[in-house]
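*Asks:* For reference, the structure I am asking about is given below.
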Amino acid sequence: MPHLTVEYSCNLPDFPAPQALRELNAAVCASPEVADEADLKTRLVRVDAFEIGTQPAQRAFVHAQLRLLSGRTPEAKADLSERVAGVLRRLTPRPEGVLVQLSVEIVDMDRPSYVKERL
Amino acid sequence: MPHLTVEYSCNLPDFPAPQALRELNAAVCASPEVADEADLKTRLVRVDAFEIGTQPAQRAFVHAQLRLLSGRTPEAKADLSERVAGVLRRLTPRPEGVLVQLSVEIVDMDRPSYVKERL
Amino acid sequence: MPHLTVEYSCNLPDFPAPQALRELNAAVCASPEVADEADLKTRLVRVDAFEIGTQPAQRAFVHAQLRLLSGRTPEAKADLSERVAGVLRRLTPRPEGVLVQLSVEIVDMDRPSYVKERL
C-alpha cells in the first residue's frame with residue numbers, strides 16, 4: 001500500500017530519475033513495514049512552475065511524500081522517512097550556487113475506507 | 001467540496017480518460033453526501049515516471065484520492081470509496097501480462113480553515 | 001517548511017502564473033507563522049484533464065493546498081488560508097460565461113517523522 005511521490009524542481013535537470021526510482025523502492029521495500037514489495041508505488045514528478053520564498057536567490061527543492069495506512073509507530077515512520085531521505089540526500093544534484101532543500105513527509109491514510117485490489 | 005484526483009500509470013494507454021471522468025462524477029454525485037453536483041472537482045493525471053516495487057515485472061496502477069470536509073461517518077466514507085472503486089474497476093484496462101493494482105483513499109480535510117467560494 | 005500547491009483548470013488560460021507565485025509567496029511569508037521565507041516552496045499546476053460536477057456547464061476551478069507542520073492554532077490556520085485565498089481571489093481570471101470556483105485547504109503534516117535539511 002505505500003504510495004510515494006517525489007517532486008523535484010526543474011532547475012535540477014541532472015536529477016537521476018530512473019536511478020532514484022529504483023533506489024527509493026529498494027530502500028523502502030527493505031523496511032519490515034512493507035509486507036509485499038509489489039505494494040510500493042512510487043511516482044517522480046518534475047515541477048516546472050515553482051517559487052521558493054521571496055528572495056531573488058537560486059533555490060531548488062526535492063520533496064517526498066510517503067503515504068501509509070495508519071497504525072505505524074512513530075519509530076517506524078521515522079525510519080521510513082530516513083530511508084527515503086537517505087536515498088535523496090545521496091542522489092540529489094547540488095548545482096553550484098543553488099541552495100537545494102530536501103524534505104520528506106509521512107502521511108497516515110484512513111484504513112477503514114481504503115480500497116486495494118488487484119484487477 | 002469534494003476533490004477527487006485519479007492517477008493512472010502511463011503503461012495503461014487505453015485508460016478511457018473522458019469516460020472515466022464522467023462516470024466517476026456521476027457515481028460520486030449520486031451519493032447523499034454530495035449536496036451540490038457542481039462541488040465535485042475531479043482531476044485525471046497520467047503518471048509518466050513511476051516504479052512499482054523492486055521486481056522486474058510488468059506492473060501498472062490506478063490510484064484515486066477523494067478529499068472531503070471532515071465529519072463524515074465511517075460508513076459514508078466507505079460508501080464513497082466504493083463508488084469510486086466501482087467505476088475504476090469497470091473501466092481500467094487489463095493489458096495482457098500486466099499486473100494492475102487499484103486503490104482508493106479517502107482524506108478528511110480540515111473544516112475550520114477551509115475556504116470555498118464562487119468568483 | 002510550508003508546502004503550497006495551487007492547481008488551476010486549463011480553461012483559465014490567462015491565469016497569471018508567475019505573478020501568482022510571487023504574490024502568494026509574499027502573502028504567506030508575511031505571516032508570523034513562517035520563520036524563514038526560504039522555507040516556503042510553492043508549486044503551480046495547470047490541470048489539463050478535469051471534470052466539475054455532472055451538468056454540461058462551463059466551469060473552472062482554482063484550488064490551493066498549504067501543508068504545514070502540525071501544531072498551529074485554528075486562528076493561525078484560518079489566517080494562512082485567507083492569505084492564500086486573498087491573492088487567488090484577486091488574480092484568478094473570470095472568463096465570461098464560466099463559473100469559477102476557488103478553494104483553499106490547510107493540511108497538518110506529521111511533525112515527528114518530518115525530515116528537512118539543506119543539501
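Within each chain, counting starts at residue 1; across the C-alpha cells, chains are named A, B, ... in the order shown, with ligands numbered 1 upward in that order.
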Can you provide chain B as a CSV table (one decimal) with C-alpha atoms, in the first residue's frame, superposed onto chain A by least squares across all C-alpha atoms matched in order?
*Replies:*
```csv
chain,number,residue,atom,x,y,z
B,1,MET,CA,0.0,0.0,0.0
B,2,PRO,CA,2.7,2.6,0.4
B,3,HIS,CA,2.3,5.4,-2.1
B,4,LEU,CA,5.5,7.5,-2.6
B,5,THR,CA,5.6,10.7,-4.6
B,6,VAL,CA,8.8,12.6,-5.1
B,7,GLU,CA,8.8,16.1,-6.6
B,8,TYR,CA,11.9,17.8,-7.8
B,9,SER,CA,12.2,21.4,-9.1
B,10,CYS,CA,13.1,21.7,-12.8
B,11,ASN,CA,16.3,23.6,-12.0
B,12,LEU,CA,17.8,20.2,-11.1
B,13,PRO,CA,17.9,18.9,-14.6
B,14,ASP,CA,20.5,16.3,-13.7
B,15,PHE,CA,18.3,14.6,-11.1
B,16,PRO,CA,18.8,10.9,-11.9
B,17,ALA,CA,15.2,9.9,-12.2
B,18,PRO,CA,15.3,6.2,-13.1
B,19,GLN,CA,18.1,5.5,-10.6
B,20,ALA,CA,16.2,7.4,-7.9
B,21,LEU,CA,13.1,5.4,-8.5
B,22,ARG,CA,15.0,2.1,-8.3
B,23,GLU,CA,16.9,3.0,-5.2
B,24,LEU,CA,14.0,4.6,-3.4
B,25,ASN,CA,12.0,1.4,-3.9
B,26,ALA,CA,14.8,-0.8,-2.8
B,27,ALA,CA,15.3,1.2,0.4
B,28,VAL,CA,11.6,1.4,1.3
B,29,CYS,CA,10.8,-2.2,0.5
B,30,ALA,CA,13.7,-3.3,2.7
B,31,SER,CA,11.7,-2.0,5.7
B,32,PRO,CA,9.8,-4.6,7.8
B,33,GLU,CA,6.8,-2.3,7.4
B,34,VAL,CA,6.4,-3.3,3.7
B,35,ALA,CA,5.0,-6.8,3.6
B,36,ASP,CA,5.0,-7.2,-0.2
B,37,GLU,CA,7.4,-5.3,-2.4
B,38,ALA,CA,4.8,-5.0,-5.2
B,39,ASP,CA,2.7,-2.8,-2.9
B,40,LEU,CA,5.0,0.2,-3.2
B,41,LYS,CA,4.0,2.6,-5.9
B,42,THR,CA,6.4,5.4,-6.5
B,43,ARG,CA,5.9,8.5,-8.7
B,44,LEU,CA,8.5,11.0,-9.7
B,45,VAL,CA,7.3,14.5,-10.7
B,46,ARG,CA,9.4,17.3,-12.2
B,47,VAL,CA,7.9,20.6,-11.1
B,48,ASP,CA,8.1,23.2,-13.8
B,49,ALA,CA,6.3,26.1,-12.2
B,50,PHE,CA,7.5,26.9,-8.7
B,51,GLU,CA,8.8,29.6,-6.4
B,52,ILE,CA,10.8,29.3,-3.2
B,53,GLY,CA,10.4,32.1,-0.7
B,54,THR,CA,10.6,35.7,-1.7
B,55,GLN,CA,14.3,36.5,-2.2
B,56,PRO,CA,15.9,36.6,-5.6
B,57,ALA,CA,18.2,33.6,-4.9
B,58,GLN,CA,18.8,30.4,-6.8
B,59,ARG,CA,16.9,27.8,-5.0
B,60,ALA,CA,15.8,24.2,-5.7
B,61,PHE,CA,13.9,21.6,-3.8
B,62,VAL,CA,13.2,17.9,-3.6
B,63,HIS,CA,10.2,16.8,-1.6
B,64,ALA,CA,9.0,13.3,-0.9
B,65,GLN,CA,5.6,12.3,0.5
B,66,LEU,CA,5.1,8.7,1.7
B,67,ARG,CA,1.5,7.7,2.4
B,68,LEU,CA,0.9,4.6,4.5
B,69,LEU,CA,-2.1,3.0,6.1
B,70,SER,CA,-2.5,4.4,9.6
B,71,GLY,CA,-1.2,2.4,12.6
B,72,ARG,CA,2.5,2.6,12.3
B,73,THR,CA,4.6,3.5,15.4
B,74,PRO,CA,6.4,6.9,15.4
B,75,GLU,CA,9.7,4.9,15.3
B,76,ALA,CA,8.6,3.0,12.1
B,77,LYS,CA,7.5,6.3,10.5
B,78,ALA,CA,10.8,8.0,11.4
B,79,ASP,CA,12.7,5.0,10.0
B,80,LEU,CA,10.8,5.1,6.7
B,81,SER,CA,11.3,8.8,6.4
B,82,GLU,CA,15.0,8.4,6.9
B,83,ARG,CA,15.1,5.6,4.3
B,84,VAL,CA,13.7,8.0,1.7
B,85,ALA,CA,15.8,10.9,2.8
B,86,GLY,CA,19.0,8.8,2.7
B,87,VAL,CA,18.5,8.0,-1.0
B,88,LEU,CA,17.6,11.5,-2.0
B,89,ARG,CA,20.4,13.0,0.1
B,90,ARG,CA,22.8,10.8,-1.9
B,91,LEU,CA,21.4,11.2,-5.4
B,92,THR,CA,20.2,14.8,-5.5
B,93,PRO,CA,22.5,17.1,-7.5
B,94,ARG,CA,24.0,20.2,-5.9
B,95,PRO,CA,24.4,22.7,-8.8
B,96,GLU,CA,26.9,25.4,-7.9
B,97,GLY,CA,25.3,28.5,-6.5
B,98,VAL,CA,22.0,26.8,-5.9
B,99,LEU,CA,20.5,26.3,-2.5
B,100,VAL,CA,18.9,22.8,-2.5
B,101,GLN,CA,16.3,21.9,0.1
B,102,LEU,CA,15.3,18.3,0.9
B,103,SER,CA,12.2,17.3,2.8
B,104,VAL,CA,10.3,14.1,3.5
B,105,GLU,CA,6.8,13.8,4.9
B,106,ILE,CA,4.9,10.8,6.1
B,107,VAL,CA,1.2,10.7,5.8
B,108,ASP,CA,-1.3,8.3,7.5
B,109,MET,CA,-4.1,7.1,5.3
B,110,ASP,CA,-7.5,6.3,6.7
B,111,ARG,CA,-7.5,2.5,7.0
B,112,PRO,CA,-11.3,1.6,7.2
B,113,SER,CA,-12.2,3.4,4.0
B,114,TYR,CA,-9.1,2.3,2.0
B,115,VAL,CA,-9.8,0.1,-1.1
B,116,LYS,CA,-7.0,-2.0,-2.5
B,117,GLU,CA,-7.2,-4.8,-5.1
B,118,ARG,CA,-5.5,-6.4,-8.0
B,119,LEU,CA,-7.5,-6.3,-11.2
```
*Asks:* Quick one: pick out all helix (DSSP H, G or I) residues within stretch 29-61 of chain B from a backbone DSSP run and write them as a PyMOL selection string.
*Replies:* chain B and resi 29+37-39
*Asks:* When DSSP is applied to the backbone of this structure, which of chain A are assigned strand (DSSP E)? Write them out as a ChimeraX atom specification.
*Replies:* /A:3-9,41-47,50-52,59-69,99-109,115-118
